[in-house]
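Q: I have a structure here, written as structure tokens, and I will follow up with some questions on it.
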Amino acid sequence: MGEQLLQFIWKFGLFEKEGARCTTGECLEVLSAGVQNTDAGPDFSNARIKIGGTLWAGNVEVHNLASDWEKHKHQGNMAYDSVILHVVRQSDCEPVCSSSGVPIPVYEMRYNQALEERYHRLMSSQEFVPCRPLLKTVENFKLRMFLTRLAVERMEQRCERITRLLEAKHGDWEAVFQRTLFRAFGFGVNAEPFEQLAQSIPAACIAKHRNSQLQVEALLLGQAGLLGGAAADEYHAQLQKEYDLLRAKFSLSPMPSHVWKFLRTRPVNFPTIRIAQLAGFLHKNQDFISAVLAVKVVEDCKKIFSAKPSEYWDTHYSLGHASARRNKILGEKSVERIAANFVAPVMFAYGRSRGQEALCDTAIALLEQIAAEQNSKVEGWRGMGINPQNMLESQALLQLKNEYCDRKKCLQCMIGKQILEG
């Protein structure tokens with residue numbers, strides 16, 4: 001059995017406290033288990049323990065076997081001289097000593113063996129989630145509370161990525177917003193190429209030409225490498241002419257066109273259409289950062305992202321290939337995905353960086369207004385009777401599945417904790 005379970009038992013006080021004694025016979029009373037340390041050094045710091053009536057304050061080290069102390073060479077490491085108790089599953093040697101030769105009290109921890117059995121059952125499970133057969137024992141109220149916490153955790157992870165990007169861009173929020181926005185317009189299948197496109201165009205280039213939708217389209221399609229070859233029609237020729245001027249003006253180098261995915265992609269999701277929609281948004285919202293930060297509800301997102309691409313795209317999905325007339329304004333579901341994958345994360349990150357908690361609250365509230373996403377993992381949860389009510393909850397379930405269940409991190413999961421405690 002790994003030390004992680006023993007640390008879990010110690011941390012949450014799941015051992016038998018009545019009649020607890022050290023291996024040398026002194027009565028043991030744990031007033032505080034301490035704070036778990038995930039870095040180098042003793043496993044728990046700032047513990048408070050009474051041994052034989054004497055109060056001790058210091059660190060605690062947890063091992064499977066008492067002999068692991070010397071196996072890990074703690075006896076010669078002064079970082080472990082502050083250890084006041086050695087907690088073990090099995091005492092298989094004499095009490096160990098600090099680097100100065102002082103004996104360290106040993107507690108052979110006693111606990112309900114059913115807890116250990118439940119743990120092994122979780123670790124050996126091949127179910128969609130390890131605790132599937134036991135999940136019904138978890139109170140629905142506690143489950144919903146944990147989902148809210150997981151949704152915030154997922155948002156904070158996204159916030160960290162945006163913060164790292166902000167540092168790389170030397171505090172340039174416009175560049176950060178642009179890169180995150182472009183990636184969202186990739187709608188998964190073309191997210192990477194869209195992010196490359198954002199990186200290839202300095203934000204200032206777009207800012208100088210936002211007044212002309214034609215020029216913004218030419219800049220984006222040209223940089224995407226989608227304007228090459230002989231002009232297929234008059235509009236294609238116009239775009240090429242505008243891009244040639246902009247390319248020379250800003251010393252730009254276009255991306256290779258082969259990175260874009262058209263195959264097995266619905267025409268409405270073609271990169272050409274998404275780029276035209278993005279150009280419409282950038283043209284309509286001259287100060288798009290302010291427009292995004294002003295969002296209060298999902299309906300606001302629908303207003304700012306309802307920008308119409310150039311009229312040419314009403315009858316085209318790609319350059320030079322006419323099609324039946326169809327309005328190419330972003331649909332409601334597409335806007336909701338952008339709200340979830342762009343608006344909410346950047347709003348949360350911006351609010352955190354500026355100490356504006358109201359923006360963080362708005363970002364979380366936006367996810368509560370959007371219908372739960374539909375994918376295989378969310379459907380897996382539905383098959384277990386857990387039906388997310390909105391995007392906030394479906395994002396939380398994805399976080400739970402990806403970061404805890406798939407990694408068998410049951411000891412760090414509130415649901416796993418309740419199941420283990422029985």
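As shown in the structure tokens, the chain order sets the letters A, B, ...; within each chain, residues go from 1, and ligands are also counted from 1 in the order they appear.
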Neighbouring residues of stretch 261-278 of chain A were defined as those with any atom within 7 Å, considering only C-alpha atoms; residues of the same chain fewer than 6 positions away were excluded. Please report them as a list in words.

A: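 The neighbour list is Phe185, Asn190, Glu217, Leu220, Leu221, Ala307, Lys308, Pro309, Tyr317, Ser318 and Ile329 of chain A.
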
Q: Just want the 9 Å neighbourhood of A:Glu174, counted on only C-alpha atoms, with same-chain residues fewer than 3 positions away dropped. Output as number ranges by chain.

A: A: 171, 177-179, 203-204, 289

Q: Using only C-alpha atoms, determine which residues lie at most 12 Å from A:Cys360, disregarding the query and same-chain residues fewer than 6 positions distant; provide the list as a list in words.

A: Val152, Met155, Glu156, Cys159, Leu293, Val295, Lys296, Val343, Ala344, Pro345, Val346, Met347, Phe348, Ala349, Tyr350, Gly351, Arg352, Ser353, Arg354, Leu366 and Leu367 of chain A

Q: Keeping only C-alpha atoms, write the selected residues as a PDB file, in the first residue's frame.

A:
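Result file part-v2.pdb:
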ATOM      1  CA  VAL A 152     -13.999  27.296 -10.457  1.00  0.00           C
ATOM      2  CA  MET A 155     -11.644  28.292 -14.712  1.00  0.00           C
ATOM      3  CA  GLU A 156      -8.576  28.980 -12.568  1.00  0.00           C
ATOM      4  CA  CYS A 159      -6.780  31.715 -15.952  1.00  0.00           C
ATOM      5  CA  LEU A 293     -15.558  43.153 -20.494  1.00  0.00           C
ATOM      6  CA  VAL A 295     -20.782  41.598 -21.089  1.00  0.00           C
ATOM      7  CA  LYS A 296     -23.205  40.846 -18.250  1.00  0.00           C
ATOM      8  CA  VAL A 343     -15.446  35.548 -22.989  1.00  0.00           C
ATOM      9  CA  ALA A 344     -15.690  33.821 -19.593  1.00  0.00           C
ATOM     10  CA  PRO A 345     -11.987  32.786 -19.311  1.00  0.00           C
ATOM     11  CA  VAL A 346     -10.509  36.156 -20.342  1.00  0.00           C
ATOM     12  CA  MET A 347     -13.005  38.023 -18.183  1.00  0.00           C
ATOM     13  CA  PHE A 348     -12.103  35.827 -15.203  1.00  0.00           C
ATOM     14  CA  ALA A 349      -8.357  36.246 -15.818  1.00  0.00           C
ATOM     15  CA  TYR A 350      -8.642  40.000 -16.323  1.00  0.00           C
ATOM     16  CA  GLY A 351     -10.743  40.342 -13.168  1.00  0.00           C
ATOM     17  CA  ARG A 352      -8.191  38.355 -11.150  1.00  0.00           C
ATOM     18  CA  SER A 353      -5.267  40.398 -12.450  1.00  0.00           C
ATOM     19  CA  ARG A 354      -6.986  43.714 -11.656  1.00  0.00           C
ATOM     20  CA  LEU A 366     -22.176  33.269 -17.777  1.00  0.00           C
ATOM     21  CA  LEU A 367     -21.485  29.538 -17.712  1.00  0.00           C
TER      22      LEU A 367
END

Q: Tell me which of A:Asp43, A:Asp314, A:Glu16, A:Glu332 sits closest to A:Asp300, counting only C-alpha atoms.

A: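 Comparing A:Asp43, A:Asp314, A:Glu16, A:Glu332 against A:Asp300, the winner is A:Glu332.
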
Q: So that I can see what lies close to stretch 395-397 of chain A, please list as a short mmCIF file (atom, residue, chain, number, x, y, z; two decimals) with N, CA, C and O atoms, in the first residue's frame the residues with an atom at most 12 Å from it, counting only C-alpha atoms and leaving out residues fewer than 2 positions away in the same chain.

A:
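The result, written out as result-v1.cif:
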data_model
loop_
_atom_site.label_atom_id
_atom_site.label_comp_id
_atom_site.auth_asym_id
_atom_site.auth_seq_id
_atom_site.Cartn_x
_atom_site.Cartn_y
_atom_site.Cartn_z
N VAL A 129 -15.69 5.79 -14.33
CA VAL A 129 -15.01 6.46 -13.22
C VAL A 129 -14.83 5.41 -12.12
O VAL A 129 -15.68 4.53 -11.96
N LEU A 143 -22.37 16.48 -3.73
CA LEU A 143 -21.90 16.33 -5.11
C LEU A 143 -22.02 17.65 -5.85
O LEU A 143 -21.09 18.09 -6.53
N ARG A 144 -23.17 18.32 -5.72
CA ARG A 144 -23.38 19.60 -6.42
C ARG A 144 -22.43 20.67 -5.90
O ARG A 144 -21.92 21.49 -6.67
N MET A 145 -22.15 20.66 -4.61
CA MET A 145 -21.20 21.62 -4.05
C MET A 145 -19.80 21.39 -4.63
O MET A 145 -19.08 22.33 -4.97
N PHE A 146 -19.43 20.12 -4.76
CA PHE A 146 -18.11 19.79 -5.29
C PHE A 146 -18.02 20.19 -6.76
O PHE A 146 -16.97 20.65 -7.22
N LEU A 147 -19.10 20.04 -7.51
CA LEU A 147 -19.10 20.43 -8.92
C LEU A 147 -18.86 21.93 -9.07
O LEU A 147 -18.14 22.36 -9.97
N THR A 148 -19.46 22.72 -8.19
CA THR A 148 -19.23 24.17 -8.24
C THR A 148 -17.75 24.47 -8.00
O THR A 148 -17.15 25.30 -8.70
N ARG A 149 -17.17 23.79 -7.04
CA ARG A 149 -15.75 23.99 -6.75
C ARG A 149 -14.88 23.57 -7.93
O ARG A 149 -13.91 24.23 -8.29
N LEU A 150 -15.24 22.47 -8.58
CA LEU A 150 -14.49 21.99 -9.74
C LEU A 150 -14.59 22.94 -10.92
O LEU A 150 -13.63 23.12 -11.67
N ALA A 151 -15.76 23.56 -11.09
CA ALA A 151 -15.94 24.52 -12.19
C ALA A 151 -15.01 25.71 -11.99
O ALA A 151 -14.39 26.20 -12.94
N VAL A 152 -14.90 26.18 -10.76
CA VAL A 152 -14.00 27.30 -10.46
C VAL A 152 -12.55 26.85 -10.65
O VAL A 152 -11.72 27.60 -11.19
N GLU A 153 -12.25 25.62 -10.26
CA GLU A 153 -10.89 25.08 -10.43
C GLU A 153 -10.51 25.04 -11.91
O GLU A 153 -9.40 25.41 -12.30
N ARG A 154 -11.45 24.61 -12.75
CA ARG A 154 -11.20 24.56 -14.19
C ARG A 154 -10.98 25.96 -14.75
O ARG A 154 -10.10 26.19 -15.57
N MET A 155 -11.80 26.91 -14.27
CA MET A 155 -11.64 28.29 -14.71
C MET A 155 -10.29 28.85 -14.27
O MET A 155 -9.63 29.58 -15.02
N GLU A 156 -9.87 28.50 -13.07
CA GLU A 156 -8.58 28.98 -12.57
C GLU A 156 -7.42 28.41 -13.38
O GLU A 156 -6.42 29.09 -13.60
N ARG A 158 -7.58 27.71 -16.58
CA ARG A 158 -7.57 28.52 -17.80
C ARG A 158 -6.98 29.90 -17.53
O ARG A 158 -6.27 30.46 -18.36
N ARG A 337 -20.59 28.81 -27.40
CA ARG A 337 -19.27 28.19 -27.26
C ARG A 337 -18.17 29.25 -27.13
O ARG A 337 -17.24 29.07 -26.35
N ALA A 340 -18.24 30.62 -23.67
CA ALA A 340 -17.66 29.69 -22.69
C ALA A 340 -16.15 29.58 -22.83
O ALA A 340 -15.44 29.48 -21.83
N ASN A 341 -15.64 29.60 -24.08
CA ASN A 341 -14.23 29.34 -24.31
C ASN A 341 -13.38 30.59 -24.48
O ASN A 341 -12.15 30.50 -24.48
N ILE A 364 -18.31 33.37 -14.11
CA ILE A 364 -18.91 32.12 -13.62
C ILE A 364 -20.40 32.10 -13.93
O ILE A 364 -20.95 31.07 -14.36
N LEU A 367 -21.45 30.98 -17.46
CA LEU A 367 -21.49 29.54 -17.71
C LEU A 367 -22.79 28.91 -17.21
O LEU A 367 -23.24 27.90 -17.75
N GLU A 368 -23.38 29.51 -16.18
CA GLU A 368 -24.64 28.99 -15.64
C GLU A 368 -25.81 29.27 -16.59
O GLU A 368 -26.86 28.64 -16.48
N ILE A 370 -25.62 29.00 -19.91
CA ILE A 370 -25.42 28.29 -21.18
C ILE A 370 -25.77 26.82 -20.98
O ILE A 370 -25.43 26.22 -19.95
N ALA A 371 -26.43 26.24 -21.96
CA ALA A 371 -26.82 24.83 -21.87
C ALA A 371 -25.58 23.94 -21.75
O ALA A 371 -24.51 24.27 -22.27
N ALA A 372 -25.71 22.84 -21.05
CA ALA A 372 -24.60 21.89 -20.88
C ALA A 372 -24.13 21.38 -22.23
O ALA A 372 -24.93 21.17 -23.14
N GLU A 373 -22.82 21.23 -22.37
CA GLU A 373 -22.27 20.74 -23.63
C GLU A 373 -22.59 19.27 -23.81
O GLU A 373 -22.92 18.56 -22.85
N GLN A 374 -22.47 18.81 -25.04
CA GLN A 374 -22.76 17.42 -25.36
C GLN A 374 -21.52 16.79 -25.98
O GLN A 374 -21.09 17.17 -27.06
N ASN A 375 -20.94 15.85 -25.26
CA ASN A 375 -19.81 15.08 -25.79
C ASN A 375 -19.81 13.72 -25.09
O ASN A 375 -20.61 13.47 -24.19
N SER A 376 -18.89 12.85 -25.48
CA SER A 376 -18.91 11.47 -24.98
C SER A 376 -18.70 11.40 -23.47
O SER A 376 -19.31 10.56 -22.79
N LYS A 377 -17.86 12.28 -22.93
CA LYS A 377 -17.60 12.23 -21.49
C LYS A 377 -18.81 12.71 -20.69
O LYS A 377 -19.16 12.11 -19.67
N VAL A 378 -19.46 13.76 -21.16
CA VAL A 378 -20.66 14.24 -20.48
C VAL A 378 -21.76 13.19 -20.58
O VAL A 378 -22.50 12.94 -19.61
N GLU A 379 -21.85 12.53 -21.75
CA GLU A 379 -22.85 11.47 -21.90
C GLU A 379 -22.55 10.31 -20.96
O GLU A 379 -23.46 9.64 -20.47
N GLY A 380 -21.25 10.07 -20.71
CA GLY A 380 -20.88 9.02 -19.76
C GLY A 380 -21.41 9.31 -18.37
O GLY A 380 -21.90 8.41 -17.67
N TRP A 381 -21.33 10.57 -17.96
CA TRP A 381 -21.88 10.96 -16.65
C TRP A 381 -23.40 10.83 -16.65
O TRP A 381 -23.99 10.38 -15.66
N ARG A 382 -24.03 11.21 -17.77
CA ARG A 382 -25.50 11.09 -17.84
C ARG A 382 -25.91 9.62 -17.70
O ARG A 382 -26.94 9.31 -17.11
N MET A 384 -24.69 7.59 -15.86
CA MET A 384 -24.61 7.23 -14.44
C MET A 384 -25.66 7.97 -13.62
O MET A 384 -25.66 7.91 -12.40
N ILE A 386 -26.08 11.32 -13.58
CA ILE A 386 -25.68 12.67 -13.20
C ILE A 386 -25.87 13.57 -14.42
O ILE A 386 -25.11 13.50 -15.39
N ASN A 387 -26.88 14.39 -14.38
CA ASN A 387 -27.26 15.22 -15.52
C ASN A 387 -26.92 16.69 -15.26
O ASN A 387 -27.58 17.34 -14.44
N PRO A 388 -25.89 17.20 -15.93
CA PRO A 388 -25.52 18.61 -15.73
C PRO A 388 -26.64 19.53 -16.20
O PRO A 388 -27.22 19.32 -17.27
N GLN A 389 -26.91 20.55 -15.41
CA GLN A 389 -28.00 21.47 -15.72
C GLN A 389 -27.57 22.61 -16.64
O GLN A 389 -28.40 23.25 -17.27
N ASN A 390 -26.26 22.86 -16.71
CA ASN A 390 -25.76 23.98 -17.51
C ASN A 390 -24.28 23.76 -17.83
O ASN A 390 -23.69 22.76 -17.43
N MET A 391 -23.69 24.73 -18.55
CA MET A 391 -22.29 24.62 -18.93
C MET A 391 -21.36 24.58 -17.72
O MET A 391 -20.33 23.90 -17.73
N LEU A 392 -21.71 25.30 -16.67
CA LEU A 392 -20.88 25.30 -15.46
C LEU A 392 -20.72 23.88 -14.93
O LEU A 392 -19.62 23.45 -14.60
N GLU A 393 -21.83 23.15 -14.87
CA GLU A 393 -21.79 21.80 -14.33
C GLU A 393 -21.14 20.81 -15.29
O GLU A 393 -20.42 19.90 -14.86
N GLN A 399 -13.80 18.41 -15.73
CA GLN A 399 -12.66 18.58 -14.83
C GLN A 399 -12.49 17.37 -13.91
O GLN A 399 -11.39 16.88 -13.69
N LEU A 400 -13.61 16.90 -13.39
CA LEU A 400 -13.59 15.74 -12.50
C LEU A 400 -13.07 14.50 -13.23
O LEU A 400 -12.21 13.78 -12.71
N LYS A 401 -13.58 14.27 -14.42
CA LYS A 401 -13.18 13.10 -15.20
C LYS A 401 -11.71 13.18 -15.60
O LYS A 401 -10.94 12.23 -15.42
N ASN A 402 -11.29 14.34 -16.15
CA ASN A 402 -9.93 14.48 -16.70
C ASN A 402 -8.85 14.56 -15.63
O ASN A 402 -7.78 13.98 -15.76
N GLU A 403 -9.13 15.34 -14.58
CA GLU A 403 -8.09 15.63 -13.59
C GLU A 403 -8.08 14.70 -12.38
O GLU A 403 -7.07 14.59 -11.70
N TYR A 404 -9.20 14.02 -12.12
CA TYR A 404 -9.28 13.17 -10.93
C TYR A 404 -9.53 11.70 -11.29
O TYR A 404 -8.73 10.83 -10.96
N CYS A 405 -10.65 11.44 -11.99
CA CYS A 405 -11.03 10.05 -12.25
C CYS A 405 -10.01 9.33 -13.14
O CYS A 405 -9.57 8.23 -12.82
N ASP A 406 -9.66 9.94 -14.27
CA ASP A 406 -8.73 9.29 -15.19
C ASP A 406 -7.35 9.10 -14.58
O ASP A 406 -6.61 8.20 -14.97
#

Q: Have a look at A:His120, A:Lys284, A:Arg21, A:His258 and name the one nearest to A:Gly52; count only C-alpha atoms.

A: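 Between A:His120, A:Lys284, A:Arg21, A:His258, the residue approaching A:Gly52 most closely is A:Arg21.
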
Q: Need to verify the contact set: stretch 230-237 of chain A, 12 Å, only C-alpha atoms, exclusion of same-chain residues closer than 3 positions in sequence. Can you return it as a PyMOL selection string?

A: chain A and resi 214+217-218+221-222+226-227+240-244+310-313+316+318-322

Q: Report, in Å with one decimal, the straight-line distance from atom CA of A:Pro133 to atom CA of A:Arg118.

A: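 Between atom CA of A:Pro133 and atom CA of A:Arg118 the gap is 11.2 Å.
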
Q: Skip stretch 84-93 of chain A itself and residues of its chain fewer than 4 positions away, then list as a short mmCIF file (atom, residue, chain, number, x, y, z; two decimals) with N, CA, C and O atoms, in the first residue's frame all residues within 8 Å of it, counting only C-alpha atoms.

A:
data_model
loop_
_atom_site.label_atom_id
_atom_site.label_comp_id
_atom_site.auth_asym_id
_atom_site.auth_seq_id
_atom_site.Cartn_x
_atom_site.Cartn_y
_atom_site.Cartn_z
N LEU A 6 -1.96 6.43 3.59
CA LEU A 6 -1.62 6.68 4.99
C LEU A 6 -1.64 8.18 5.29
O LEU A 6 -2.12 8.59 6.36
N THR A 23 4.88 3.39 20.04
CA THR A 23 5.39 2.02 20.16
C THR A 23 6.11 1.80 21.48
O THR A 23 6.29 0.65 21.92
N TRP A 56 3.93 18.75 22.14
CA TRP A 56 4.97 18.95 21.15
C TRP A 56 4.39 19.66 19.93
O TRP A 56 3.24 19.45 19.55
N ALA A 57 5.21 20.52 19.31
CA ALA A 57 4.82 21.20 18.07
C ALA A 57 5.95 21.01 17.07
O ALA A 57 7.12 21.21 17.40
N GLY A 58 5.59 20.60 15.86
CA GLY A 58 6.63 20.37 14.86
C GLY A 58 6.08 19.61 13.67
O GLY A 58 4.88 19.70 13.36
N ASN A 59 6.93 18.82 13.03
CA ASN A 59 6.56 18.14 11.79
C ASN A 59 6.31 16.65 12.01
O ASN A 59 6.76 16.07 13.00
N VAL A 60 5.61 16.06 11.05
CA VAL A 60 5.28 14.63 11.10
C VAL A 60 5.69 13.99 9.77
O VAL A 60 5.45 14.55 8.70
N GLU A 61 6.32 12.82 9.86
CA GLU A 61 6.69 12.07 8.66
C GLU A 61 5.89 10.76 8.65
O GLU A 61 5.74 10.10 9.68
N VAL A 62 5.36 10.40 7.47
CA VAL A 62 4.53 9.21 7.32
C VAL A 62 5.21 8.21 6.40
O VAL A 62 5.65 8.58 5.30
N HIS A 63 5.31 6.97 6.82
CA HIS A 63 5.91 5.91 6.01
C HIS A 63 5.07 4.64 6.10
O HIS A 63 4.35 4.43 7.08
N ASN A 64 5.21 3.79 5.11
CA ASN A 64 4.56 2.48 5.15
C ASN A 64 5.23 1.61 6.22
O ASN A 64 4.57 1.05 7.08
N LEU A 65 6.55 1.55 6.16
CA LEU A 65 7.34 0.80 7.14
C LEU A 65 8.25 1.75 7.91
O LEU A 65 8.76 2.73 7.34
N ALA A 66 8.46 1.48 9.17
CA ALA A 66 9.34 2.32 9.98
C ALA A 66 10.75 2.35 9.40
O ALA A 66 11.45 3.37 9.46
N SER A 67 11.18 1.23 8.80
CA SER A 67 12.53 1.16 8.23
C SER A 67 12.70 2.04 7.00
O SER A 67 13.83 2.26 6.55
N ILE A 104 13.19 9.38 17.65
CA ILE A 104 11.91 10.00 17.24
C ILE A 104 10.78 9.04 17.57
O ILE A 104 10.81 7.86 17.17
N PRO A 105 9.76 9.49 18.33
CA PRO A 105 8.63 8.63 18.68
C PRO A 105 7.95 8.06 17.45
O PRO A 105 7.83 8.73 16.41
N VAL A 106 7.50 6.82 17.56
CA VAL A 106 6.84 6.13 16.44
C VAL A 106 5.41 5.78 16.82
O VAL A 106 5.15 5.28 17.93
N TYR A 107 4.48 6.05 15.90
CA TYR A 107 3.08 5.67 16.10
C TYR A 107 2.69 4.71 14.98
O TYR A 107 2.70 5.07 13.81
N GLU A 108 2.38 3.48 15.36
CA GLU A 108 1.90 2.49 14.40
C GLU A 108 0.39 2.70 14.26
O GLU A 108 -0.38 2.30 15.13
N MET A 109 0.00 3.33 13.17
CA MET A 109 -1.38 3.81 13.02
C MET A 109 -2.37 2.65 12.84
O MET A 109 -2.16 1.74 12.04
N ARG A 110 -3.46 2.74 13.59
CA ARG A 110 -4.55 1.77 13.51
C ARG A 110 -5.77 2.44 12.88
O ARG A 110 -6.11 3.56 13.23
#

Q: In Å, rounded to a single decimal, give me how far atom CA of A:Gly41 is from atom CA of A:Gln412.

A: 20.1 Å

Q: Check the smallest atom-to-atom distance from each of A:Ala248, A:Leu359, A:Leu5, A:Val102 to A:Met123 using only C-alpha atoms, then report the winner.

A: A:Leu5
